[in-house]
Each structure stands twice: as structure tokens, then as C-alpha cells.
Amino acid sequence: MSKAEKIKKFDPNGLGDKNANIFGLPFSIEEAEVVIIPVPWEVTVSYSAGTAQGPQAIFDASFQVDLFDPEIADAWKTGIAMDIIPAAIEKTSNALRKKAEKYINLLEKGETIQSHKGMKKTQAKIHSACLQMNKWVKARALHFLNRNKVVGLLGGDHSTPLGMMQALAEKHKAFGVLQIDAHADLRDAYEGFEFSHASIMFNALKIPQIKKLVQVGIRDFCEAEAELVKKSKGRIKCFYDRDIKHKQYNGSTWASICREIVVSLPEKIYLSFDIDGLDPKLCPNTGTPVAGGFETEQVLFLIQQIVESGRSIIGFDINEVAPGKNEWDANVGARLLYRIANLAAHSNGK
């Protein structure tokens with residue numbers, strides 16, 4: 001059956017078919033314009049684990065998402081499909097997570113690589129595995145980018161999209177990163193892990209094609225990160241959560257603040273969305289929740305303003321969704337994924 005025939009036969013108002021791909025949509029990866037790469041990885045998380053289960057939990061919750069998008073007519077016809085969850089990546093993550101926990105516990109007790117022989121071996125093993133994970137993500141992203149797909153990545157922890165950004169750097173001479181997050185993620189090799197989830201943007205800035213990093217909602221950061229922003233000569237622009245809220249308390253609208261954010265962005269944008277950028281009531285089981293943050297519609301309004309400005313979202317990720325005892329976190333993640341995928345596709349003329 002062709003894609004056109006599937007569209008004609010499919011009922012977007014019906015019950016989600018759990019035998020179908022994500023959101024119950026009938027499209028194969030070859031037919032879909034938006035492809036989601038799941039990366040069940042959480043080796044270097046520094047607080048609570050669980051994000052490796054995020055891709056499967058969001059996939060399972062996606063069948064409860066209504067497919068009507070009030071902003072984009074017949075958005076579902078574009079087609080979204082999720083790649084197969086890589087069992088080997090998940091297996092490696094689970095095995096190394098246990099080693100990382102022991103390593104972090106030793107750090108918290110005051111041990112160092114110099115004082116504890118086993119720590120250096122663990123660090124080297126994790127470094128090697130992270131390199132391999134990044135290499136796999138880059139190759140998988142390029143596989144779909146070369147087929148003219150809009151590619152999204154679903155973590156896992158926030159270390160997972162580095163390979164994705166490296167892939168985009170091979171396709172675009174220049175682009176910016178819009179980071180929605182509670183944390184700056186500008187730490188240099190946090191806890192001794194070069195590819196820590198807390199170092200993703202520090203590592204991203206090593207990619208010369210990334211000309212601008214615009215951070216929005218940051219509210220938990222160290223002095224070294226704040227200094228890095230100040231000394232970046234404008235390459236990093238940070239809209240701190242505190243500053244955003246103080247502007248609102250003094251009468252500024254979210255729309256006016258969004259205009260400031262949009263103006264600071266280049267024409268091509270990679271969206272990196274750590275779910276803890278939201279108010280923790282919407283993501284209570286995420287690895288490192290922080291008081292404050294956004295409502296879902298605030299984030300979607302910002303992304304919509306970006307699209308309406310004529311800018312292109314060349315790729316995106318959603319990370320740090322960790323399922324709890326119920327579907328709440330995954331429910332929120334699935335709905336955000338659907339709307340963001342639609343907006344990204346629309347920004348690329350899909």
C-alpha cells in the first residue's frame with residue numbers, strides 16, 4: 001500500500017493502533033518525513049537514573065495523543081516514524097551505569113583517580129563507550145539526513161545528541177543551537193566524564209559550524225559556567241529563568257521575551273530540549289529536577305514564533321524523560337514530541 005493509499009484509509013480520529021509506529025501512525029520510516037532516533041543511554045547521569053527508559057515509555061504513551069494539531073492542518077499526513085530502539089546501546093548503558101554509580105560514589109567519598117586504581121579503568125571504559133555511542137548516533141542521523149528526512153532524537157540523557165549535532169555539521173556550514181533546559185550543561189568533563197550529560201553544550205561548542213548557542217530557562221548553574229557565557233563574546237546568549245520571570249513581574253509579556261529570543265537566533269536552528277526545562281510538576285521523575293521552569297505551551301509558543309519568523313529547525317532532540325510509576329512523564333514527553341515534530345517539519349516545508 002502506498003503512502004497516499006494509507007492516508008486515504010487512515011482515520012486520524014480513531015483509536016491508536018499499538019501495532020503501528022509511534023502515535024499509531026501507519027507510515028514506515030521510508031514514508032515518514034520525520035524520523036525519530038531513540039537512544040536509551042544514561043551512563044553519566046549524576047543524580048537519578050531512569051532516562052534510558054524514556055524512548056520506550058514515550059513510544060508507549062504516544063498512542064494516547066490526539067493527532068489534530070490546531071496550528072498545522074493535516075499535520076499527521078506528513079508522517080512521523082520512530083526507528084527501532086537499539087538493544088545493544090541499551091545493554092551497554094545498563095552495564096556501564098552500574099560501574100558509573102560506583103565511580104560517582106567513590107568521588108563523593110573523596111576518592112580520586114590518583115588515589116583509587118579502579119576509578120581510572122572505569123573512566124577509560126566509559127569514555128570509550130561514549131565515543132562509540134556518539135559515533136553510532138552520528139552515523140544513524142546521517143543515514144536519515146541523506147534521505148532528506150527531518151531527524152529528531154529521543155534520549156536518554158542529554159549527552160546523547162552530540163553525534164546528531166556532528167552529523168548536522170556535515171550537512172550545514174553554519175547553524176545555531178537553541179537549548180531549553182534547567183541547566184547550562186557547560187561543564188568541562190563533569191565528574192571526570194568528558195561526555196557527561198552536564199557537558200553536552202561544552203562539547204557542542206567544539207563544533208565550528210555551531211555559530212551560536214542560545215540557552216533559555218537556565219536556573220541551575222555554577223560560577224564557571226556563568227563565566228564561560230560572559231567570556232564567549234556573544235557566541236553564547238543565555239536567557240536565565242530568573243531574568244525571564246523578573247521581566248514578567250515587571251510587566252513584560254512572554255510574547256515580547258520570545259521576540260528577543262528569536263532575534264538572537266540564526267536562520268538555521270537545532271533545538272535541544274531537556275525536559276527539566278519545564279516546571280517539575282510536568283516531569284517529576286526526570287534525573288535532575290529544578291524548581292521553576294516553563295509550562296508546555298510556553299515552550300511550544302516560542303517554537304511556533306521561531307517557525308513563523310521563517311527560520312528553519314534543521315533537527316531536534318528531547319531528552320531526560322524518565323518514567324515513574326505511571327505514564328505522566330511519558331505522556332507529557334509524547335505530546336511535546338508530536339507538536340515539535342510537526343513544527344520542525346513545517347519549518348522545512350514538509
# chains A, B, ... in the order shown; residues from 1 in each chain; ligands from 1

call {"tool": "residues_around", "arguments": {"residues": "A:Asp83", "least_positions_apart": "2", "cutoff": "8 Å", "atoms": "only C-alpha atoms", "output": "number ranges by chain"}}
result
A: 29, 35-38, 81, 85

call {"tool": "write_last_selection", "arguments": {"atoms": "N, CA, C and O atoms", "output": "mmCIF file, in the first residue's frame"}}
result
data_model
loop_
_atom_site.group_PDB
_atom_site.id
_atom_site.type_symbol
_atom_site.label_atom_id
_atom_site.label_comp_id
_atom_site.auth_asym_id
_atom_site.auth_seq_id
_atom_site.Cartn_x
_atom_site.Cartn_y
_atom_site.Cartn_z
ATOM 1 N N ILE A 29 9.305 4.042 8.142
ATOM 2 C CA ILE A 29 10.392 5.024 8.203
ATOM 3 C C ILE A 29 10.666 5.599 6.820
ATOM 4 O O ILE A 29 10.956 6.790 6.669
ATOM 5 N N VAL A 35 11.767 11.400 11.129
ATOM 6 C CA VAL A 35 12.231 10.134 11.709
ATOM 7 C C VAL A 35 12.821 10.418 13.089
ATOM 8 O O VAL A 35 13.639 11.326 13.256
ATOM 9 N N ILE A 36 12.393 9.635 14.064
ATOM 10 C CA ILE A 36 12.873 9.771 15.440
ATOM 11 C C ILE A 36 13.879 8.662 15.741
ATOM 12 O O ILE A 36 13.576 7.477 15.569
ATOM 13 N N ILE A 37 15.060 9.059 16.191
ATOM 14 C CA ILE A 37 16.095 8.096 16.582
ATOM 15 C C ILE A 37 16.068 7.944 18.099
ATOM 16 O O ILE A 37 16.369 8.896 18.831
ATOM 17 N N PRO A 38 15.691 6.778 18.617
ATOM 18 C CA PRO A 38 15.705 6.572 20.073
ATOM 19 C C PRO A 38 17.092 6.169 20.558
ATOM 20 O O PRO A 38 17.748 5.335 19.944
ATOM 21 N N ALA A 81 7.780 8.644 12.157
ATOM 22 C CA ALA A 81 8.057 7.241 12.467
ATOM 23 C C ALA A 81 9.292 7.166 13.356
ATOM 24 O O ALA A 81 10.215 7.972 13.222
ATOM 25 N N ILE A 85 14.381 0.776 18.653
ATOM 26 C CA ILE A 85 15.204 1.054 19.831
ATOM 27 C C ILE A 85 16.402 0.100 19.822
ATOM 28 O O ILE A 85 16.229 -1.119 19.797
#

call {"tool": "residues_around", "arguments": {"residues": "A:Leu278", "least_positions_apart": "4", "cutoff": "9 Å", "atoms": "only C-alpha atoms", "output": "list in words"}}
result
Ile180, Asp181, Ala182, Gly217, Asp274, Leu282, Cys283, Pro289, Val290, Gly292, Gly293, Phe294, Glu295, Thr296 and Val299 of chain A

call {"tool": "write_last_selection", "arguments": {"atoms": "N, CA, C and O atoms", "output": "compact mmCIF listing (two decimals), in the first residue's frame"}}
result
# COMPACT_ATOMS: atom_id res chain seq x y z
N ILE A 180 16.73 24.48 25.52
CA ILE A 180 15.73 24.71 26.56
C ILE A 180 16.06 23.74 27.69
O ILE A 180 16.05 22.53 27.51
N ASP A 181 16.35 24.29 28.89
CA ASP A 181 16.97 23.45 29.91
C ASP A 181 16.94 24.18 31.25
O ASP A 181 16.91 25.40 31.30
N ALA A 182 16.99 23.40 32.31
CA ALA A 182 17.19 23.99 33.64
C ALA A 182 18.67 24.23 33.91
O ALA A 182 19.03 25.07 34.74
N GLY A 217 15.79 29.43 29.90
CA GLY A 217 15.23 28.80 31.09
C GLY A 217 16.24 28.30 32.09
O GLY A 217 15.89 27.63 33.06
N ASP A 274 15.93 19.67 26.93
CA ASP A 274 15.98 18.85 28.15
C ASP A 274 14.65 19.06 28.86
O ASP A 274 14.28 20.19 29.17
N LEU A 282 5.60 18.80 35.69
CA LEU A 282 5.38 18.16 34.39
C LEU A 282 6.39 17.06 34.11
O LEU A 282 6.20 16.29 33.16
N CYS A 283 7.43 16.99 34.90
CA CYS A 283 8.48 15.97 34.69
C CYS A 283 9.08 15.56 36.03
O CYS A 283 10.30 15.67 36.23
N PRO A 289 15.57 17.35 38.58
CA PRO A 289 14.52 18.39 38.54
C PRO A 289 14.94 19.62 39.32
O PRO A 289 15.67 19.53 40.31
N VAL A 290 14.49 20.78 38.85
CA VAL A 290 14.82 22.06 39.49
C VAL A 290 13.55 22.90 39.56
O VAL A 290 12.83 23.03 38.55
N GLY A 292 10.98 25.91 39.36
CA GLY A 292 10.90 26.95 38.34
C GLY A 292 10.54 26.33 37.01
O GLY A 292 9.94 25.27 36.95
N GLY A 293 10.89 26.99 35.92
CA GLY A 293 10.69 26.41 34.61
C GLY A 293 9.41 26.82 33.92
O GLY A 293 8.64 27.64 34.40
N PHE A 294 9.17 26.19 32.76
CA PHE A 294 8.09 26.57 31.86
C PHE A 294 6.89 25.64 31.91
O PHE A 294 7.00 24.47 32.29
N GLU A 295 5.76 26.15 31.44
CA GLU A 295 4.62 25.33 31.07
C GLU A 295 4.87 24.81 29.64
O GLU A 295 5.65 25.41 28.88
N THR A 296 4.22 23.74 29.26
CA THR A 296 4.45 23.18 27.92
C THR A 296 4.08 24.18 26.83
O THR A 296 4.80 24.32 25.84
N VAL A 299 6.74 26.82 25.90
CA VAL A 299 7.80 26.33 25.02
C VAL A 299 7.29 26.20 23.59
O VAL A 299 7.96 26.62 22.64

call {"tool": "atom_distance", "arguments": {"atom1": "atom CA of A:Asp329", "atom2": "atom CA of A:Leu67"}}
result
19.0 Å

call {"tool": "residues_around", "arguments": {"residues": "stretch 127-131 of chain A", "least_positions_apart": "3", "cutoff": "7 Å", "atoms": "only C-alpha atoms", "output": "list of chain:residue names"}}
result
A:Gln123, A:Ala124, A:Asn134, A:Lys135, A:Phe193, A:Glu194, A:Phe195

call {"tool": "residues_around", "arguments": {"residues": "A:Ala139", "least_positions_apart": "5", "cutoff": "9 Å", "atoms": "only C-alpha atoms", "output": "short mmCIF file (atom, residue, chain, number, x, y, z; two decimals) with N, CA, C and O atoms, in the first residue's frame"}}
result
data_model
loop_
_atom_site.label_atom_id
_atom_site.label_comp_id
_atom_site.auth_asym_id
_atom_site.auth_seq_id
_atom_site.Cartn_x
_atom_site.Cartn_y
_atom_site.Cartn_z
N ASN A 134 28.34 8.02 20.49
CA ASN A 134 28.30 9.23 19.67
C ASN A 134 28.50 8.91 18.19
O ASN A 134 27.83 9.48 17.31
N PHE A 144 19.64 9.06 7.81
CA PHE A 144 18.32 9.63 7.53
C PHE A 144 18.42 11.02 6.91
O PHE A 144 17.60 11.38 6.05
N GLY A 163 26.42 13.37 18.72
CA GLY A 163 26.60 12.79 17.39
C GLY A 163 25.63 13.36 16.37
O GLY A 163 25.96 13.52 15.19
N MET A 164 24.43 13.67 16.82
CA MET A 164 23.43 14.29 15.95
C MET A 164 23.90 15.66 15.47
O MET A 164 23.81 16.00 14.28
N ALA A 167 26.60 15.29 12.98
CA ALA A 167 26.04 14.92 11.66
C ALA A 167 25.51 16.14 10.93
O ALA A 167 25.76 16.33 9.74
#

call {"tool": "closest_residue", "arguments": {"among": "A:Thr78, A:Asn105, A:Thr44, A:Thr112", "to": "A:Ile126", "atoms": "only C-alpha atoms"}}
result
A:Thr44

call {"tool": "residues_around", "arguments": {"residues": "A:Ile58", "least_positions_apart": "2", "cutoff": "9 Å", "atoms": "only C-alpha atoms", "output": "PyMOL selection string"}}
result
chain A and resi 22+53-56+60-62+154+321+323+327+329-335+337

call {"tool": "write_last_selection", "arguments": {"atoms": "N, CA, C and O atoms", "output": "PDB file, in the first residue's frame"}}
result
ATOM      1  N   ILE A  22       4.980   4.905  16.007  1.00  0.00           N
ATOM      2  CA  ILE A  22       4.713   5.884  17.058  1.00  0.00           C
ATOM      3  C   ILE A  22       3.485   6.730  16.722  1.00  0.00           C
ATOM      4  O   ILE A  22       3.222   7.038  15.566  1.00  0.00           O
ATOM      5  N   GLN A  53      14.985   4.585  29.879  1.00  0.00           N
ATOM      6  CA  GLN A  53      13.668   4.003  29.600  1.00  0.00           C
ATOM      7  C   GLN A  53      12.740   4.993  28.897  1.00  0.00           C
ATOM      8  O   GLN A  53      11.625   4.650  28.520  1.00  0.00           O
ATOM      9  N   GLY A  54      13.218   6.229  28.717  1.00  0.00           N
ATOM     10  CA  GLY A  54      12.396   7.275  28.127  1.00  0.00           C
ATOM     11  C   GLY A  54      11.852   6.972  26.741  1.00  0.00           C
ATOM     12  O   GLY A  54      10.644   7.139  26.492  1.00  0.00           O
ATOM     13  N   PRO A  55      12.686   6.533  25.784  1.00  0.00           N
ATOM     14  CA  PRO A  55      12.175   6.287  24.436  1.00  0.00           C
ATOM     15  C   PRO A  55      11.029   5.271  24.390  1.00  0.00           C
ATOM     16  O   PRO A  55      10.011   5.509  23.723  1.00  0.00           O
ATOM     17  N   GLN A  56      11.175   4.162  25.106  1.00  0.00           N
ATOM     18  CA  GLN A  56      10.107   3.159  25.101  1.00  0.00           C
ATOM     19  C   GLN A  56       8.852   3.694  25.784  1.00  0.00           C
ATOM     20  O   GLN A  56       7.725   3.467  25.314  1.00  0.00           O
ATOM     21  N   ASP A  60       5.213   4.150  24.047  1.00  0.00           N
ATOM     22  CA  ASP A  60       4.003   3.517  24.583  1.00  0.00           C
ATOM     23  C   ASP A  60       2.909   4.539  24.872  1.00  0.00           C
ATOM     24  O   ASP A  60       1.722   4.273  24.650  1.00  0.00           O
ATOM     25  N   ALA A  61       3.307   5.717  25.368  1.00  0.00           N
ATOM     26  CA  ALA A  61       2.326   6.757  25.696  1.00  0.00           C
ATOM     27  C   ALA A  61       1.788   7.465  24.462  1.00  0.00           C
ATOM     28  O   ALA A  61       0.724   8.089  24.511  1.00  0.00           O
ATOM     29  N   SER A  62       2.513   7.372  23.358  1.00  0.00           N
ATOM     30  CA  SER A  62       2.163   8.146  22.161  1.00  0.00           C
ATOM     31  C   SER A  62       0.810   7.776  21.571  1.00  0.00           C
ATOM     32  O   SER A  62       0.184   8.579  20.881  1.00  0.00           O
ATOM     33  N   LEU A 154      15.532  11.058  20.465  1.00  0.00           N
ATOM     34  CA  LEU A 154      14.811  10.874  21.718  1.00  0.00           C
ATOM     35  C   LEU A 154      15.702  10.135  22.705  1.00  0.00           C
ATOM     36  O   LEU A 154      16.011   8.957  22.538  1.00  0.00           O
ATOM     37  N   VAL A 321      13.581  12.423  29.766  1.00  0.00           N
ATOM     38  CA  VAL A 321      12.264  11.959  30.206  1.00  0.00           C
ATOM     39  C   VAL A 321      12.457  10.604  30.887  1.00  0.00           C
ATOM     40  O   VAL A 321      12.914   9.646  30.264  1.00  0.00           O
ATOM     41  N   PRO A 323      10.403   7.732  33.030  1.00  0.00           N
ATOM     42  CA  PRO A 323       9.092   7.306  33.503  1.00  0.00           C
ATOM     43  C   PRO A 323       9.118   6.945  34.980  1.00  0.00           C
ATOM     44  O   PRO A 323      10.100   6.399  35.485  1.00  0.00           O
ATOM     45  N   GLU A 327       2.271   6.899  33.764  1.00  0.00           N
ATOM     46  CA  GLU A 327       2.671   7.395  32.453  1.00  0.00           C
ATOM     47  C   GLU A 327       2.830   8.909  32.389  1.00  0.00           C
ATOM     48  O   GLU A 327       3.029   9.451  31.308  1.00  0.00           O
ATOM     49  N   ASP A 329       5.091  11.383  33.060  1.00  0.00           N
ATOM     50  CA  ASP A 329       6.247  11.988  32.395  1.00  0.00           C
ATOM     51  C   ASP A 329       6.253  11.656  30.899  1.00  0.00           C
ATOM     52  O   ASP A 329       6.513  12.532  30.058  1.00  0.00           O
ATOM     53  N   ALA A 330       5.999  10.396  30.587  1.00  0.00           N
ATOM     54  CA  ALA A 330       5.985   9.975  29.185  1.00  0.00           C
ATOM     55  C   ALA A 330       4.823  10.604  28.420  1.00  0.00           C
ATOM     56  O   ALA A 330       4.952  10.925  27.231  1.00  0.00           O
ATOM     57  N   ASN A 331       3.704  10.793  29.099  1.00  0.00           N
ATOM     58  CA  ASN A 331       2.539  11.443  28.499  1.00  0.00           C
ATOM     59  C   ASN A 331       2.897  12.862  28.060  1.00  0.00           C
ATOM     60  O   ASN A 331       2.604  13.286  26.937  1.00  0.00           O
ATOM     61  N   VAL A 332       3.547  13.598  28.939  1.00  0.00           N
ATOM     62  CA  VAL A 332       3.982  14.966  28.628  1.00  0.00           C
ATOM     63  C   VAL A 332       4.998  14.937  27.485  1.00  0.00           C
ATOM     64  O   VAL A 332       4.908  15.707  26.520  1.00  0.00           O
ATOM     65  N   GLY A 333       5.968  14.036  27.574  1.00  0.00           N
ATOM     66  CA  GLY A 333       7.001  13.935  26.543  1.00  0.00           C
ATOM     67  C   GLY A 333       6.438  13.597  25.180  1.00  0.00           C
ATOM     68  O   GLY A 333       6.867  14.152  24.163  1.00  0.00           O
ATOM     69  N   ALA A 334       5.464  12.688  25.144  1.00  0.00           N
ATOM     70  CA  ALA A 334       4.873  12.270  23.866  1.00  0.00           C
ATOM     71  C   ALA A 334       4.142  13.423  23.191  1.00  0.00           C
ATOM     72  O   ALA A 334       4.241  13.624  21.973  1.00  0.00           O
ATOM     73  N   ARG A 335       3.411  14.188  23.977  1.00  0.00           N
ATOM     74  CA  ARG A 335       2.672  15.319  23.400  1.00  0.00           C
ATOM     75  C   ARG A 335       3.606  16.410  22.890  1.00  0.00           C
ATOM     76  O   ARG A 335       3.373  17.010  21.835  1.00  0.00           O
ATOM     77  N   LEU A 337       6.674  15.867  21.871  1.00  0.00           N
ATOM     78  CA  LEU A 337       7.338  15.293  20.705  1.00  0.00           C
ATOM     79  C   LEU A 337       6.477  15.465  19.453  1.00  0.00           C
ATOM     80  O   LEU A 337       6.985  15.847  18.387  1.00  0.00           O
TER      81      LEU A 337
END
